[in-house]
Structures are given as structure tokens and as C-alpha cells.
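Asks: Input: one structure, supplied below.
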Amino acid sequence: MSLVFAAICSHGPGITGRAHLADPAQKDALHAQMHGLGESLREARPDALIVVAAEHFANFFMNNMPPYAMGMADAYEGPIEDPGWLGIAKTRIPGDAALSRRLIGEVMKEVDVAFAEEWKFDHGIMVPLHFLTPNYDLPVIPANINCQGPPLTPLPRTWAFGEALRRACDAVPERIALVGTGGISHWPATPDSGKINEAWDRDFLARWVRNDRAALLDYSDEQTYRDAGQGGFEIRTFIAVAAAAGGEGELRHYAPIPIFSVGCTVATMAIA
Amino acid sequence: MSLYATQKLLFHLNRDPAVQQRYRDDLPALLDDYDLDAEEREAILGGDVGKLYVLGANGQLLMHFAALLGMPWADYIESMREGVRRHGPVRAGIYAMTTSTDEKVAGV
């Protein structure tokens with residue numbers, strides 16, 4: 001039928017794996033917001049959920065790195081990480097290969113997206129699903145934007161990918177939900193882990209909430225790396241959602257939590 | 001230096017239970033399948049996360065490797081600092097350290 005829900009959220013592995021090391025009040029507030037996002041998702045009665053993620057070498061490597069990829073399987077598995085480390089048990093996540101195929105066919109009219117009939121989920125998808133679909137009862141269609149192995153896709157192309165996703169969702173009879181997951185400024189997986197540029201984050205989120213295309217695309221990777229760290233490259237996932245949804249955003253939650261390595265974010269966006 | 005091969009090994013190891021089994025059963029034989037130099041081979045044989053960090057291994061690959069080794073979070077972060085203390089700044093890639101070795105950004 002159409003795109004029926006659009007949102008963004010953080011996916012840092014600490015959100016589940018290091019929950020016990022965080023300030024309980026901060027952790028509880030974030031977890032409540034993540035669960036609340038799941039409730040909003042269910043209220044939209046989606047038939048499937050596209051997760052636009054920025055994976056961390058669960059599937060794709062520099063031997064053959066697609067800028068954009070989408071999953072096309074009836075089931076996926078995850079997490080690849082040690083379950084004790086991530087705080088999420090290994091499980092099977094339902095997919096919908098036939099729906100994927102139709103969506104990918106539509107996306108391909110505008111963007112040369114790669115497809116994959118095998119896909120393992122890492123924390124980038126498992127942490128959001130842990131809160132959004134804790135029973136793993138909604139078919140998931142993973143989509144990936146390479147934010148790890150430079151050269152990275154330019155931001156205007158990310159916008160085009162988001163627009164292509166929207167056209168694809170509107171072209172199928174199913175009700176589709178879309179969630180983008182990434183970090184804003186952060187320096188993950190380094191000794192800097194926990195460093196967060198809150199001012200930069202809030203400025204980015206203000207651009208996102210008003211869905212200001214020109215402002216969202218007005219970053220170079222050099223600027224992002226300097227001001228927002230290598231983790232900042234993941235703004236691509238949020239930008240794609242803005243392009244797909246088209247409306248204004250509502251920031252539900254933003255809190256820098258150093259032990260989670262990121263300014264933890266939950267937001268929805270109107271579909272226009 | 002063959003950073004690409006080092007990272008490819010970590011990529012395979014992190015995602016594939018069969019490679020993880022080979023890692024446990026016969027690590028030297030597993031490493032023979034990758035075009036590593038002596039420094040890289042020694043770092044992986046020793047589970048030396050700090051050295052691999054300095055060599056420029058992608059931080060996400062290395063974080064998942066540390067999880068596979070069962071390293072507690074604080075030990076993992078400290079091992080990277082120790083790597084920089086012992087071997088100098090990160091030599092390649094996009095995961096350079098921007099804080100100092102005596103700084104504990106997130107309290108660990």
C-alpha cells in the first residue's frame with residue numbers, strides 16, 4: 001500500500017551489552033523510549049519492516065563492497081557477535097524474499113542497489129529489533145549503506161536511495177515501515193569511545209527534524225570525521241529515512257550516554 | 001604490511017562459526033591461509049588487540065574480535081591505549097585515537 005511508518009534510532013552495542021554499566025535512570029529512560037518506538041511501530045500495523053542500517057562487516061567487506069544493498073531472503077540470523085557480549089541471544093529473524101524482490105526491483109529503477117539472499121545481522125540491526133520487535137514476529141528487510149569502508153557513497157546519493165525506497169514502498173500493496181539506525185557523532189571502537197559532540201548532534205538533529213534537504217547534505221566526510229568521528233559517517237542512515245518520509249520529524253529522545261558510546265536518539269518522522 | 005589480509009581474517013573469524021572452530025583448533029594453520037607479515041601474524045597469534053589497533057585494523061572488526069576473545073569492555077579499551085603507548089599512533093585507517101592514553105572518556 002505505502003510507507004506507513006518512519007523512524008530513526010541508535011544501535012550501539014552498549015545499549016544492550018553494557019546496560020549494567022550505565023546510570024540506571026539514563027538507561028531506563030532510553031530503553032523505555034526504544035520500547036515506545038516499538039509500540040508506535042505496531043500501531044502503524046506494518047506488514048514488513050525495512051531497517052536501513054550501517055553494518056560493521058557482518059556481510060560485506062572490501063573485497064566487494066556495495067554502497068547500497070538489500071536483503072532478499074525468507075529468514076535471517078543474528079547476532080554475529082557473542083550473545084553474552086551483546087546481551088542478545090542468537091535467533092532467527094523472519095524475512096520475506098518475494099516482497100524484497102518486488103521492492104528491490106522498484107529501487108533499481110533509480111539506484112543500483114545490490115541484493116543478498118544471505119544476510120547475518122550484527123548489532124546494527126539486532127539492537128533496534130531487540131526493542132522494536134522483541135518477539136521477532138514481523139518480517140524484516142535489511143538494507144545497508146556502507147559507512148565503514150571508504151570511499152563512502154556521497155550524501156546526495158544517499159538521499160536518492162531514500163527517495164527510491166519511498167517509491168518502492170508506495171508501489172507495493174503491503175504496509176511498510178522504515179527505521180534507520182546509526183549514530184550521530186561518535187568515536188566507537190577506539191579508546192575515544194564515549195566521546196560525543198553534543199552540539200554537533202543537536203545541530204544535525206535540528207536539520208533532520210525540519211527535514212532540510214540542503215542542510216542535511218551540507219557535510220563533507222572530512223568535516224564529519226573531524227567533528228563527529230568515524231561513527232558520524234552513519235548519518236547516512238538517518239538522511240535516507242528523511243528522504244523517504246518527506247515530512248517533519250519529532251525528536252522523542254536524545255541523551256549522550258558515554259558508556260553507550262553515542263548520543264542515544266529516538267525519533268519519528270511524518271510521512272508526506 | 002598486509003592490513004587488508006589481517007582485516008579479511010578478522011572479517012571471516014567474526015562472522016563464521018567454522019572459522020572460529022579453526023581458530024580454536026589450529027590457529028597457525030588458519031593463519032597460513034592469509035597473506036600476513038610476521039608482525040601481523042604474531043599479533044593475531046597473541047590475541048594482541050592493542051597491536052592490531054595500532055596496525056590500523058578497522059575498529060569494528062577489532063571490537064568484535066575482542067568480544068570473541070571474551071575481553072571485558074574496560075580491558076578491551078585499555079588494551080588499545082596500551083597498544084598506542086607501546087607502539088605509537090595508529091598507522092592506518094579511520095579509527096585513530098584522538099584522546100590521550102591517560103584519559104578515560106567513558107570512565108573505563
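Ligands are numbered from 1 in the order shown, residues from 1 within each chain, and chains are lettered A, B, ... in the order they appear in the C-alpha cells.
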Give me the residues within 12 Å of A:Asn64 as a list in words, counting only C-alpha atoms and dropping any in the same chain fewer than 5 places off.

Replies: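 The residues that qualify are Phe57, Asn59, Ala69, Ala114, Asn146 and Gly149 of chain A; Lys8 of chain B.
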
Asks: With 10 Å as the limit and counting only C-alpha atoms, what residues in chain A lie close to chain B? Please list them as a ChimeraX atom specification.

Replies: /A:14,17-18,21-22,55-63,78-86,120-122,148-150,187-196,225-226,229-231,257-261

Asks: List the neighbours of B:Ala5 out to 10 Å using only C-alpha atoms; skip same-chain residues closer than 2 positions along the sequence, and give me the result as a PDB file with C-alpha atoms, in the first residue's frame.

Replies:
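Result written to part-v1.pdb:
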```
ATOM      1  CA  MET B   1      52.309  -4.637   5.589  1.00  0.00           C
ATOM      2  CA  SER B   2      49.186  -6.535   4.585  1.00  0.00           C
ATOM      3  CA  LEU B   3      46.492  -4.834   6.570  1.00  0.00           C
ATOM      4  CA  GLN B   7      41.191  -7.416   8.284  1.00  0.00           C
ATOM      5  CA  LYS B   8      39.896 -10.122   5.995  1.00  0.00           C
ATOM      6  CA  LEU B   9      40.864 -12.758   8.536  1.00  0.00           C
ATOM      7  CA  LEU B  10      39.025 -10.822  11.252  1.00  0.00           C
ATOM      8  CA  PHE B  11      36.010 -10.457   8.963  1.00  0.00           C
ATOM      9  CA  LEU B  31      46.733 -18.009   9.544  1.00  0.00           C
ATOM     10  CA  ASP B  33      45.532 -19.085   4.557  1.00  0.00           C
ATOM     11  CA  TYR B  34      46.118 -15.336   4.785  1.00  0.00           C
ATOM     12  CA  ASP B  35      48.970 -13.268   3.391  1.00  0.00           C
ATOM     13  CA  LEU B  36      50.138 -11.829   6.707  1.00  0.00           C
ATOM     14  CA  ASP B  37      53.512 -10.398   7.564  1.00  0.00           C
ATOM     15  CA  GLU B  40      50.518  -9.212  11.948  1.00  0.00           C
ATOM     16  CA  ALA B  57      42.655  -2.780  11.779  1.00  0.00           C
TER      17      ALA B  57
END
```

Asks: Name the residues of stretch 18-188 of chain A that come out as alpha helix (DSSP H) in a backbone DSSP run; write them as a ChimeraX atom specification.

Replies: /A:24-43,83-86,97-107,123-132,155-171

Asks: So what do you get for atom CA of A:Asp47 versus atom CA of A:Ala75, distance-wise?

Replies: 15.1 Å
